[in-house]
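Undergrad: File follows, run_17.cif with mmCIF, C-alpha atoms:
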data_protein
#
loop_
_atom_site.group_PDB
_atom_site.id
_atom_site.type_symbol
_atom_site.label_atom_id
_atom_site.label_comp_id
_atom_site.auth_asym_id
_atom_site.auth_seq_id
_atom_site.Cartn_x
_atom_site.Cartn_y
_atom_site.Cartn_z
ATOM 1 C CA MET A 17 61.879 -72.470 49.700
ATOM 2 C CA GLN A 18 64.912 -74.724 49.408
ATOM 3 C CA HIS A 19 66.623 -72.422 46.912
ATOM 4 C CA ALA A 20 65.252 -69.060 48.089
ATOM 5 C CA GLY A 21 67.650 -66.225 47.272
ATOM 6 C CA GLU A 22 69.684 -68.313 44.841
ATOM 7 C CA ASP A 23 70.294 -67.667 41.165
ATOM 8 C CA MET A 24 67.650 -69.810 39.429
ATOM 9 C CA ALA A 25 69.829 -70.167 36.319
ATOM 10 C CA GLU A 26 72.426 -72.010 38.371
ATOM 11 C CA VAL A 27 69.838 -74.154 40.127
ATOM 12 C CA MET A 28 68.026 -75.103 36.918
ATOM 13 C CA ASN A 29 71.284 -75.863 35.102
ATOM 14 C CA ASP A 30 72.478 -78.165 37.883
ATOM 15 C CA GLU A 31 72.827 -81.563 36.185
ATOM 16 C CA VAL A 32 72.944 -83.295 39.555
ATOM 17 C CA LEU A 33 69.489 -81.980 40.488
ATOM 18 C CA HIS A 34 68.024 -81.885 36.971
ATOM 19 C CA ALA A 35 69.240 -79.933 33.947
ATOM 20 C CA HIS A 36 66.243 -78.035 32.582
ATOM 21 C CA SER A 37 65.632 -77.241 28.927
ATOM 22 C CA ASP A 38 65.286 -73.747 27.459
ATOM 23 C CA SER A 39 61.546 -74.394 27.341
ATOM 24 C CA ALA A 40 61.491 -74.672 31.120
ATOM 25 C CA PHE A 41 63.163 -71.271 31.414
ATOM 26 C CA ALA A 42 60.653 -69.787 28.964
ATOM 27 C CA MET A 43 57.729 -71.108 31.026
ATOM 28 C CA LEU A 44 59.000 -69.156 34.048
ATOM 29 C CA GLU A 45 58.728 -65.788 32.309
ATOM 30 C CA ASP A 46 55.271 -65.145 33.778
ATOM 31 C CA TYR A 47 56.654 -65.569 37.301
ATOM 32 C CA VAL A 48 59.760 -63.349 37.134
ATOM 33 C CA ILE A 49 59.973 -60.843 40.009
ATOM 34 C CA GLY A 50 63.494 -59.544 39.359
ATOM 35 C CA GLU A 51 67.134 -60.303 38.634
ATOM 36 C CA LEU A 52 70.076 -61.049 40.867
ATOM 37 C CA LEU A 53 73.031 -58.759 40.364
ATOM 38 C CA PRO A 54 75.756 -60.378 38.252
ATOM 39 C CA ASP A 55 78.927 -61.746 39.752
ATOM 40 C CA GLU A 56 81.775 -59.353 40.405
ATOM 41 C CA GLY A 57 83.620 -58.524 37.211
ATOM 42 C CA VAL A 58 80.561 -58.815 34.929
ATOM 43 C CA ASP A 59 79.551 -55.468 33.442
ATOM 44 C CA LEU A 60 75.729 -55.574 33.491
ATOM 45 C CA LEU A 61 75.319 -52.715 31.021
ATOM 46 C CA ALA A 62 77.794 -54.267 28.598
ATOM 47 C CA ALA A 63 76.067 -57.634 28.915
ATOM 48 C CA HIS A 64 72.687 -56.055 28.191
ATOM 49 C CA ALA A 65 74.072 -54.247 25.158
ATOM 50 C CA ALA A 66 75.675 -57.438 23.802
ATOM 51 C CA ALA A 67 72.475 -59.415 24.260
ATOM 52 C CA ALA A 68 70.424 -56.674 22.612
ATOM 53 C CA ALA A 69 72.760 -56.592 19.605
ATOM 54 C CA ALA A 70 72.673 -60.364 19.036
ATOM 55 C CA PRO A 71 70.707 -62.165 21.762
ATOM 56 C CA SER A 72 71.191 -65.707 20.498
ATOM 57 C CA ALA A 73 74.917 -65.371 19.742
ATOM 58 C CA ALA A 74 75.992 -63.151 22.603
ATOM 59 C CA ALA A 75 74.010 -64.694 25.426
ATOM 60 C CA ALA A 76 76.448 -67.427 26.375
ATOM 61 C CA ALA A 77 79.429 -65.076 26.322
ATOM 62 C CA ALA A 78 77.697 -62.144 27.999
ATOM 63 C CA TYR A 79 76.026 -63.975 30.864
ATOM 64 C CA PRO A 80 77.383 -66.712 33.141
ATOM 65 C CA GLY A 81 75.321 -69.893 32.847
ATOM 66 C CA GLY A 82 74.385 -69.379 29.209
ATOM 67 C CA HIS A 83 70.923 -67.859 29.827
ATOM 68 C CA VAL A 84 70.067 -64.212 29.273
ATOM 69 C CA PRO A 85 68.321 -62.908 32.417
ATOM 70 C CA TYR A 86 64.691 -62.333 31.596
ATOM 71 C CA GLY A 87 63.989 -58.726 30.711
ATOM 72 C CA SER A 88 67.625 -58.081 29.761
ATOM 73 C CA ALA A 89 67.353 -58.452 26.003
ATOM 74 C CA PRO A 90 64.542 -57.006 23.908
ATOM 75 C CA LYS A 91 62.302 -59.691 22.428
ATOM 76 C CA ARG A 92 60.305 -59.625 19.255
ATOM 77 C CA PRO A 93 56.725 -60.482 20.205
ATOM 78 C CA PHE A 94 55.298 -63.688 18.763
ATOM 79 C CA ILE A 95 51.545 -64.039 19.178
ATOM 80 C CA ASP A 96 48.932 -62.939 21.703
ATOM 81 C CA LEU A 97 47.093 -65.982 23.065
ATOM 82 C CA SER A 98 43.997 -63.921 23.837
ATOM 83 C CA ARG A 99 43.453 -63.245 20.117
ATOM 84 C CA PRO A 100 42.904 -65.631 17.162
ATOM 85 C CA MET A 101 46.262 -67.238 16.425
ATOM 86 C CA LEU A 102 46.072 -68.072 12.702
ATOM 87 C CA PRO A 103 45.752 -64.457 11.485
ATOM 88 C CA GLN A 104 48.683 -63.500 13.704
ATOM 89 C CA ILE A 105 50.814 -66.220 12.149
ATOM 90 C CA PHE A 106 49.765 -65.314 8.597
ATOM 91 C CA PHE A 107 50.121 -61.540 8.909
ATOM 92 C CA GLY A 108 52.989 -61.554 11.392
ATOM 93 C CA ARG A 109 55.713 -61.541 8.713
ATOM 94 C CA PHE A 110 57.732 -63.970 10.818
ATOM 95 C CA SER A 111 60.762 -65.503 9.201
ATOM 96 C CA LYS A 112 60.802 -69.283 9.071
ATOM 97 C CA GLN A 113 63.722 -69.366 11.511
ATOM 98 C CA PHE A 114 61.989 -67.116 14.048
ATOM 99 C CA TYR A 115 58.689 -68.989 13.694
ATOM 100 C CA LEU A 116 60.292 -72.403 14.251
ATOM 101 C CA GLU A 117 62.232 -71.136 17.266
ATOM 102 C CA GLN A 118 59.086 -69.717 18.841
ATOM 103 C CA VAL A 119 56.631 -72.505 18.026
ATOM 104 C CA HIS A 120 58.893 -75.072 19.713
ATOM 105 C CA ILE A 121 58.953 -73.136 22.984
ATOM 106 C CA PRO A 122 55.894 -74.573 24.777
ATOM 107 C CA ARG A 123 53.437 -72.154 26.344
ATOM 108 C CA GLN A 124 50.656 -72.750 28.816
ATOM 109 C CA VAL A 125 47.191 -71.265 28.626
ATOM 110 C CA LYS A 126 44.013 -71.868 30.586
ATOM 111 C CA GLY A 127 41.495 -73.610 28.361
ATOM 112 C CA SER A 128 42.053 -73.299 24.613
ATOM 113 C CA ALA A 129 43.428 -70.223 22.894
ATOM 114 C CA PRO A 130 41.331 -69.060 19.907
ATOM 115 C CA LEU A 131 42.624 -70.240 16.539
ATOM 116 C CA PHE A 132 40.264 -68.823 13.909
ATOM 117 C CA PRO A 133 38.992 -65.251 13.520
ATOM 118 C CA TYR A 134 35.435 -66.538 13.000
ATOM 119 C CA ARG A 135 33.730 -68.281 15.907
ATOM 120 C CA VAL A 136 31.778 -70.566 13.590
ATOM 121 C CA LEU A 137 35.070 -72.233 12.567
ATOM 122 C CA GLU A 138 36.500 -72.632 16.054
ATOM 123 C CA PRO A 139 34.697 -75.931 16.897
ATOM 124 C CA LEU A 140 36.446 -77.552 13.913
ATOM 125 C CA SER A 141 39.752 -77.253 15.785
ATOM 126 C CA LEU A 142 38.489 -78.474 19.162
ATOM 127 C CA THR A 143 38.103 -82.221 19.615
ATOM 128 C CA PRO A 144 37.323 -83.968 22.934
ATOM 129 C CA TRP A 145 39.127 -87.308 23.315
ATOM 130 C CA TRP A 146 35.884 -89.339 23.323
ATOM 131 C CA VAL A 147 35.120 -88.290 19.743
ATOM 132 C CA ILE A 148 37.911 -90.589 18.515
ATOM 133 C CA PRO A 149 36.423 -93.944 19.621
ATOM 134 C CA THR A 150 32.952 -92.677 18.705
ATOM 135 C CA VAL A 151 34.055 -92.148 15.100
ATOM 136 C CA TYR A 152 36.587 -94.931 14.578
ATOM 137 C CA ILE A 153 35.179 -97.958 16.427
ATOM 138 C CA PRO A 154 32.282 -98.216 13.933
ATOM 139 C CA ILE A 155 34.772 -97.934 11.054
ATOM 140 C CA VAL A 156 36.924 -100.727 12.508
ATOM 141 C CA LEU A 157 33.895 -102.967 13.072
ATOM 142 C CA TYR A 158 32.595 -102.308 9.539
ATOM 143 C CA CYS A 159 35.971 -103.196 7.988
ATOM 144 C CA LEU A 160 36.187 -106.401 10.038
ATOM 145 C CA ALA A 161 32.665 -107.412 9.057
ATOM 146 C CA LYS A 162 33.312 -106.566 5.407
ATOM 147 C CA SER A 163 36.546 -108.597 5.366
ATOM 148 C CA ALA A 164 34.729 -111.622 6.805
ATOM 149 C CA ALA A 165 31.828 -111.150 4.396
ATOM 150 C CA VAL A 166 34.082 -111.229 1.320
ATOM 151 C CA GLY A 167 35.842 -114.415 2.341
ATOM 152 C CA ALA A 168 38.370 -113.908 5.148
ATOM 153 C CA SER A 169 38.694 -116.819 7.546
ATOM 154 C CA THR A 170 38.952 -116.199 11.285
ATOM 155 C CA LEU A 171 42.684 -116.928 11.251
ATOM 156 C CA GLY A 172 43.211 -114.905 8.101
ATOM 157 C CA LEU A 173 41.274 -111.975 9.522
ATOM 158 C CA ALA A 174 43.423 -112.005 12.656
ATOM 159 C CA GLY A 175 46.546 -111.959 10.476
ATOM 160 C CA TYR A 176 45.262 -109.103 8.323
ATOM 161 C CA PHE A 177 44.259 -107.130 11.410
ATOM 162 C CA GLY A 178 47.674 -107.607 13.043
ATOM 163 C CA THR A 179 49.376 -106.587 9.806
ATOM 164 C CA GLY A 180 47.279 -103.416 9.730
ATOM 165 C CA VAL A 181 48.271 -102.513 13.290
ATOM 166 C CA PHE A 182 51.944 -103.041 12.412
ATOM 167 C CA VAL A 183 51.613 -100.999 9.215
ATOM 168 C CA TRP A 184 50.048 -98.211 11.252
ATOM 169 C CA THR A 185 53.130 -97.988 13.520
ATOM 170 C CA LEU A 186 55.242 -97.127 10.461
ATOM 171 C CA ILE A 187 52.607 -94.663 9.213
ATOM 172 C CA GLU A 188 52.557 -93.058 12.678
ATOM 173 C CA TYR A 189 56.315 -92.548 12.633
ATOM 174 C CA SER A 190 56.415 -91.375 9.007
ATOM 175 C CA LEU A 191 53.598 -88.832 9.379
ATOM 176 C CA HIS A 192 55.069 -87.430 12.561
ATOM 177 C CA ARG A 193 58.592 -87.137 11.194
ATOM 178 C CA PHE A 194 58.111 -86.290 7.520
ATOM 179 C CA VAL A 195 54.777 -84.411 7.495
ATOM 180 C CA PHE A 196 54.238 -82.863 10.925
ATOM 181 C CA HIS A 197 57.958 -82.084 11.379
ATOM 182 C CA ILE A 198 58.814 -80.973 7.870
ATOM 183 C CA ASP A 199 60.687 -78.060 9.460
ATOM 184 C CA ASP A 200 63.925 -78.289 7.440
ATOM 185 C CA TYR A 201 62.037 -78.363 4.132
ATOM 186 C CA LEU A 202 59.312 -75.883 5.046
ATOM 187 C CA PRO A 203 59.366 -72.999 2.530
ATOM 188 C CA ASP A 204 59.728 -69.552 4.082
ATOM 189 C CA HIS A 205 56.269 -68.385 3.027
ATOM 190 C CA PRO A 206 53.420 -67.122 5.259
ATOM 191 C CA ILE A 207 50.815 -69.473 3.755
ATOM 192 C CA LEU A 208 52.923 -72.580 4.318
ATOM 193 C CA ILE A 209 54.064 -71.435 7.748
ATOM 194 C CA THR A 210 50.395 -70.921 8.679
ATOM 195 C CA LEU A 211 49.526 -74.414 7.393
ATOM 196 C CA HIS A 212 52.404 -75.837 9.423
ATOM 197 C CA PHE A 213 51.046 -74.130 12.538
ATOM 198 C CA LEU A 214 47.528 -75.396 11.855
ATOM 199 C CA LEU A 215 48.663 -78.984 11.211
ATOM 200 C CA HIS A 216 51.063 -79.522 14.106
ATOM 201 C CA GLY A 217 52.773 -76.315 15.191
ATOM 202 C CA VAL A 218 49.911 -75.331 17.460
ATOM 203 C CA HIS A 219 50.317 -78.614 19.347
ATOM 204 C CA HIS A 220 53.985 -77.913 20.061
ATOM 205 C CA PHE A 221 53.176 -74.324 20.955
ATOM 206 C CA LEU A 222 50.376 -75.335 23.370
ATOM 207 C CA PRO A 223 51.137 -78.995 24.159
ATOM 208 C CA MET A 224 48.791 -79.303 27.141
ATOM 209 C CA ASP A 225 45.657 -78.006 25.401
ATOM 210 C CA ARG A 226 43.205 -80.850 26.066
ATOM 211 C CA MET A 227 40.998 -79.954 23.115
ATOM 212 C CA ARG A 228 43.803 -80.012 20.542
ATOM 213 C CA LEU A 229 45.543 -83.243 21.483
ATOM 214 C CA VAL A 230 43.588 -85.687 19.357
ATOM 215 C CA MET A 231 43.218 -85.234 15.620
ATOM 216 C CA PRO A 232 39.911 -83.772 14.406
ATOM 217 C CA PRO A 233 38.097 -86.516 12.442
ATOM 218 C CA ALA A 234 37.858 -84.325 9.333
ATOM 219 C CA LEU A 235 41.646 -84.013 9.222
ATOM 220 C CA GLY A 236 42.235 -87.637 10.248
ATOM 221 C CA LEU A 237 39.982 -89.065 7.549
ATOM 222 C CA THR A 238 41.511 -86.728 4.954
ATOM 223 C CA LEU A 239 45.009 -87.955 5.792
ATOM 224 C CA ALA A 240 43.723 -91.552 5.807
ATOM 225 C CA SER A 241 42.182 -91.375 2.332
ATOM 226 C CA PRO A 242 45.325 -92.218 0.301
ATOM 227 C CA PHE A 243 46.049 -95.183 2.567
ATOM 228 C CA VAL A 244 42.456 -96.398 2.209
ATOM 229 C CA TRP A 245 42.882 -96.246 -1.565
ATOM 230 C CA VAL A 246 46.076 -98.339 -1.337
ATOM 231 C CA PHE A 247 44.464 -100.938 0.936
ATOM 232 C CA LEU A 248 41.445 -101.362 -1.319
ATOM 233 C CA ASN A 249 43.278 -101.330 -4.648
ATOM 234 C CA CYS A 250 46.549 -103.107 -3.894
ATOM 235 C CA PHE A 251 45.205 -105.989 -1.774
ATOM 236 C CA THR A 252 42.540 -108.611 -2.297
ATOM 237 C CA PRO A 253 39.189 -107.541 -0.759
ATOM 238 C CA PRO A 254 39.509 -109.779 2.347
ATOM 239 C CA ALA A 255 43.070 -108.559 2.982
ATOM 240 C CA GLY A 256 42.326 -104.939 2.122
ATOM 241 C CA TYR A 257 39.432 -104.581 4.544
ATOM 242 C CA GLY A 258 41.206 -106.603 7.237
ATOM 243 C CA VAL A 259 44.426 -104.567 7.032
ATOM 244 C CA MET A 260 42.383 -101.359 6.961
ATOM 245 C CA ALA A 261 40.584 -102.428 10.157
ATOM 246 C CA GLY A 262 43.915 -102.941 11.906
ATOM 247 C CA ALA A 263 45.291 -99.640 10.638
ATOM 248 C CA PHE A 264 42.252 -97.678 11.829
ATOM 249 C CA PHE A 265 42.428 -99.473 15.175
ATOM 250 C CA GLY A 266 46.124 -98.550 15.383
ATOM 251 C CA PHE A 267 45.339 -94.920 14.596
ATOM 252 C CA GLN A 268 42.584 -94.785 17.203
ATOM 253 C CA SER A 269 44.899 -96.307 19.803
ATOM 254 C CA TYR A 270 47.671 -93.863 18.893
ATOM 255 C CA ASP A 271 45.392 -90.840 19.277
ATOM 256 C CA LEU A 272 44.036 -91.962 22.653
ATOM 257 C CA ILE A 273 47.498 -92.919 23.931
ATOM 258 C CA HIS A 274 48.800 -89.528 22.817
ATOM 259 C CA TYR A 275 46.119 -87.814 24.883
ATOM 260 C CA TYR A 276 46.850 -90.085 27.838
ATOM 261 C CA LEU A 277 50.598 -89.427 27.684
ATOM 262 C CA HIS A 278 49.913 -85.710 28.101
ATOM 263 C CA HIS A 279 47.233 -85.845 30.775
ATOM 264 C CA GLY A 280 47.176 -89.323 32.282
ATOM 265 C CA ARG A 281 49.148 -90.967 35.057
ATOM 266 C CA PRO A 282 50.204 -94.257 33.484
ATOM 267 C CA ALA A 283 50.362 -97.281 35.765
ATOM 268 C CA VAL A 284 51.881 -99.513 33.067
ATOM 269 C CA GLU A 285 55.675 -99.314 32.798
ATOM 270 C CA HIS A 286 55.697 -99.023 28.996
ATOM 271 C CA LEU A 287 53.302 -96.063 29.064
ATOM 272 C CA ARG A 288 55.234 -94.383 31.880
ATOM 273 C CA GLU A 289 58.364 -94.685 29.757
ATOM 274 C CA MET A 290 56.589 -93.383 26.641
ATOM 275 C CA LYS A 291 55.135 -90.451 28.610
ATOM 276 C CA SER A 292 58.610 -89.337 29.649
ATOM 277 C CA TYR A 293 59.895 -89.989 26.125
ATOM 278 C CA HIS A 294 57.156 -87.975 24.437
ATOM 279 C CA LEU A 295 57.404 -85.050 26.849
ATOM 280 C CA ASP A 296 61.143 -84.966 26.131
ATOM 281 C CA HIS A 297 60.185 -84.616 22.458
ATOM 282 C CA HIS A 298 58.131 -81.543 23.382
ATOM 283 C CA TYR A 299 60.329 -79.929 25.991
ATOM 284 C CA LYS A 300 63.877 -80.980 25.050
ATOM 285 C CA ASN A 301 64.295 -81.883 21.381
ATOM 286 C CA ALA A 302 61.464 -81.756 18.844
ATOM 287 C CA ASN A 303 63.756 -83.143 16.143
ATOM 288 C CA LEU A 304 64.043 -86.574 17.758
ATOM 289 C CA GLY A 305 61.674 -89.055 19.410
ATOM 290 C CA TYR A 306 58.880 -89.266 16.839
ATOM 291 C CA GLY A 307 57.328 -92.467 18.196
ATOM 292 C CA ILE A 308 54.202 -92.075 20.334
ATOM 293 C CA THR A 309 53.098 -95.652 20.990
ATOM 294 C CA SER A 310 56.612 -97.140 20.900
ATOM 295 C CA LYS A 311 60.254 -96.351 20.124
ATOM 296 C CA LEU A 312 60.487 -99.082 17.464
ATOM 297 C CA TRP A 313 60.965 -96.946 14.355
ATOM 298 C CA ASP A 314 63.050 -94.336 16.212
ATOM 299 C CA ILE A 315 65.482 -97.155 16.996
ATOM 300 C CA VAL A 316 65.383 -98.471 13.423
ATOM 301 C CA PHE A 317 65.977 -95.058 11.838
ATOM 302 C CA GLY A 318 68.334 -93.604 14.463
ATOM 303 C CA THR A 319 66.057 -90.853 15.810
ATOM 304 C CA GLN A 320 65.777 -92.119 19.377
ATOM 305 C CA LEU A 321 65.991 -89.551 22.167
#
Rewrite the coordinates I just gave you, this time as structure tokens.

TA:
Amino acid sequence: MQHAGEDMAEVMNDEVLHAHSDSAFAMLEDYVIGELLPDEGVDLLAAHAAAAAAPSAAAAAAYPGGHVPYGSAPKRPFIDLSRPMLPQIFFGRFSKQFYLEQVHIPRQVKGSAPLFPYRVLEPLSLTPWWVIPTVYIPIVLYCLAKSAAVGASTLGLAGYFGTGVFVWTLIEYSLHRFVFHIDDYLPDHPILITLHFLLHGVHHFLPMDRMRLVMPPALGLTLASPFVWVFLNCFTPPAGYGVMAGAFFGFQSYDLIHYYLHHGRPAVEHLREMKSYHLDHHYKNANLGYGITSKLWDIVFGTQL
């Protein structure tokens, strides 16, 4: 009750306390009970009319603090989380600009919102965290055994494995930045917008959904297939299998760390730092901070938050 009766826009924009992102304001919509009257000299009706005419452009000028009071400006509805989301995205006739604005405003929902219109498909989009080690540990062990069987020494195998882990860190950054966040180059077409939502948009829209935090194995192995081809055809067999083992281990670690950053309470300083860093990517600026396991490639390529 420290700020009872105060204008929440002023409190939440206070940089001394903590300047909140637009996403934080959006998350409060479900808890709005009313508005404070504007300061003397502000014409409420004129401010409402200006925001209704051009909400994004007029908001800062019409309202002190730069935030349109909730309920003041009419909003175009996005999607209903109680109904299958993919058909709503496909048939919603959303412009690319509107879609990208909305999908990067995180929402919260109890459990998992339905994605597909057919229940038989829904399990394909829901993956518990423990599925990842169940699927990938045997793959890593097989690749290690295969590398040793075709001639890798213990020292050589360790080198190949370490190289694979390092290669994965660059793959992690590249996939996240250039595939999952292809926003600037995304064609304004309902099919491609729907694919964008299915691939990564749903995660930004519902970032705390426990069942959609790790990558479904079917999708993960599909994305891995071109890299597997490169490892097996551009390296000697001992190196190819050894590097592939490290890369799959890196991917498994990335997926589990990603889950942990969202729902764990890290005791290790590096993970505490990466948790804050990754949540800033979700709630402050989705166009920066692509690293999940480290900031290495963000620093190299100038995309650090």

Undergrad: With the PyMOL selection byres ((chain A and resi 158) around 12) as the selection, what would be picked from this file? Answer as a ChimeraX atom specification, please.

TA: /A:151-157,159-165,257-258,260-262,264-265

Undergrad: Determine the residue set returned by the PyMOL selection byres ((chain A and resi 213) around 12) for the present structure, and present it as an MDAnalysis selection string.

TA: chainID A and resid 101:106 112 115:116 118:120 131 196:199 202 206:212 214:222

Undergrad: Return as a ChimeraX atom specification the set of residues that the PyMOL selection byres ((chain A and resi 179) around 10) yields on the displayed structure.

TA: /A:173-178,180-184,255,258-263

Undergrad: Nearest residue to Leu304 (chain A) out of A:Lys126, A:Arg193, A:Arg99, A:Arg281, using only C-alpha atoms?

TA: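 Smallest distance to Leu304 (chain A) is found for A:Arg193.
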
Undergrad: If you count only C-alpha atoms, which residues fall within 12 Å of Lys311 (chain A), apart from same-chain ones fewer than 2 positions away, as a list in words?

TA: Thr185, Leu186, Glu188, Tyr189, His286, Leu287, Glu289, Met290, Lys291, Ser292, Tyr293, His294, His297, Leu304, Gly305, Tyr306, Gly307, Ile308, Thr309, Trp313, Asp314, Ile315, Val316, Phe317, Gly318, Thr319, Gln320 and Leu321 of chain A

Undergrad: Expressed in Å to a single decimal, how great is the separation between CA of Val195 (chain A) and CA of Pro253 (chain A)?

TA: 29.1 Å

Undergrad: Please determine, counting only C-alpha atoms, which residue among A:Leu142, A:Asp296, A:Ser128, A:Leu312 has the shortest atom-to-atom distance to His278 (chain A).

TA: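 Answer, going by the shortest atom-to-atom distance: A:Asp296.
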
Undergrad: So, counting only C-alpha atoms, which residue among A:Gly167, A:Pro139, A:Pro93, A:Pro122 is closest to Pro254 (chain A)?

TA: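 Looking at the shortest contact to Pro254 (chain A), the residue is A:Gly167.
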
Undergrad: What is the CA of Ile121 (chain A) to CA of Phe267 (chain A) distance in Å?

TA: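 Between CA of Ile121 (chain A) and CA of Phe267 (chain A) the gap works out to 27.0 Å.
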
Undergrad: Please, what distance in Å, to one decimal, runs between CA of His274 (chain A) and CA of Asp204 (chain A)?

TA: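 One can read the CA of His274 (chain A) to CA of Asp204 (chain A) distance as 29.5 Å.
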
Undergrad: Under the rule that all atoms listed in the file are counted, which of A:Ser310, A:Met231, A:His205, A:Phe247 is the nearest residue to Ser111 (chain A)?

TA: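 Smallest distance to Ser111 (chain A) is found for A:His205.
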
Undergrad: At the level of N, CA and C atoms, write region 176-192 of chain A to a file as a short mmCIF file (atom, residue, chain, number, x, y, z; two decimals), in the first residue's frame, please.

TA:
data_model
loop_
_atom_site.label_atom_id
_atom_site.label_comp_id
_atom_site.auth_asym_id
_atom_site.auth_seq_id
_atom_site.Cartn_x
_atom_site.Cartn_y
_atom_site.Cartn_z
N TYR A 176 37.38 -32.51 -30.15
CA TYR A 176 36.23 -32.46 -31.05
C TYR A 176 34.97 -32.05 -30.29
N PHE A 177 34.80 -32.64 -29.12
CA PHE A 177 33.61 -32.36 -28.30
C PHE A 177 33.58 -30.87 -27.91
N GLY A 178 34.71 -30.36 -27.44
CA GLY A 178 34.79 -28.95 -27.06
C GLY A 178 34.52 -28.04 -28.24
N THR A 179 35.04 -28.42 -29.41
CA THR A 179 34.79 -27.64 -30.62
C THR A 179 33.30 -27.61 -30.94
N GLY A 180 32.64 -28.76 -30.78
CA GLY A 180 31.20 -28.83 -31.04
C GLY A 180 30.41 -27.93 -30.11
N VAL A 181 30.78 -27.91 -28.83
CA VAL A 181 30.09 -27.03 -27.88
C VAL A 181 30.27 -25.57 -28.29
N PHE A 182 31.51 -25.20 -28.68
CA PHE A 182 31.77 -23.83 -29.10
C PHE A 182 30.99 -23.48 -30.36
N VAL A 183 30.98 -24.41 -31.32
CA VAL A 183 30.22 -24.18 -32.56
C VAL A 183 28.75 -23.98 -32.24
N TRP A 184 28.23 -24.76 -31.28
CA TRP A 184 26.83 -24.60 -30.92
C TRP A 184 26.53 -23.18 -30.44
N THR A 185 27.43 -22.56 -29.66
CA THR A 185 27.15 -21.21 -29.15
C THR A 185 26.90 -20.23 -30.29
N LEU A 186 27.63 -20.39 -31.40
CA LEU A 186 27.40 -19.52 -32.56
C LEU A 186 26.09 -19.89 -33.26
N ILE A 187 25.79 -21.18 -33.33
CA ILE A 187 24.51 -21.61 -33.91
C ILE A 187 23.35 -21.06 -33.08
N GLU A 188 23.48 -21.16 -31.76
CA GLU A 188 22.45 -20.64 -30.85
C GLU A 188 22.15 -19.18 -31.13
N TYR A 189 23.20 -18.38 -31.21
CA TYR A 189 23.04 -16.95 -31.47
C TYR A 189 22.43 -16.71 -32.85
N SER A 190 22.95 -17.41 -33.86
CA SER A 190 22.50 -17.19 -35.23
C SER A 190 21.04 -17.57 -35.43
N LEU A 191 20.64 -18.73 -34.89
CA LEU A 191 19.24 -19.15 -35.01
C LEU A 191 18.32 -18.15 -34.32
N HIS A 192 18.71 -17.74 -33.12
CA HIS A 192 17.85 -16.83 -32.37
C HIS A 192 17.72 -15.48 -33.08
#
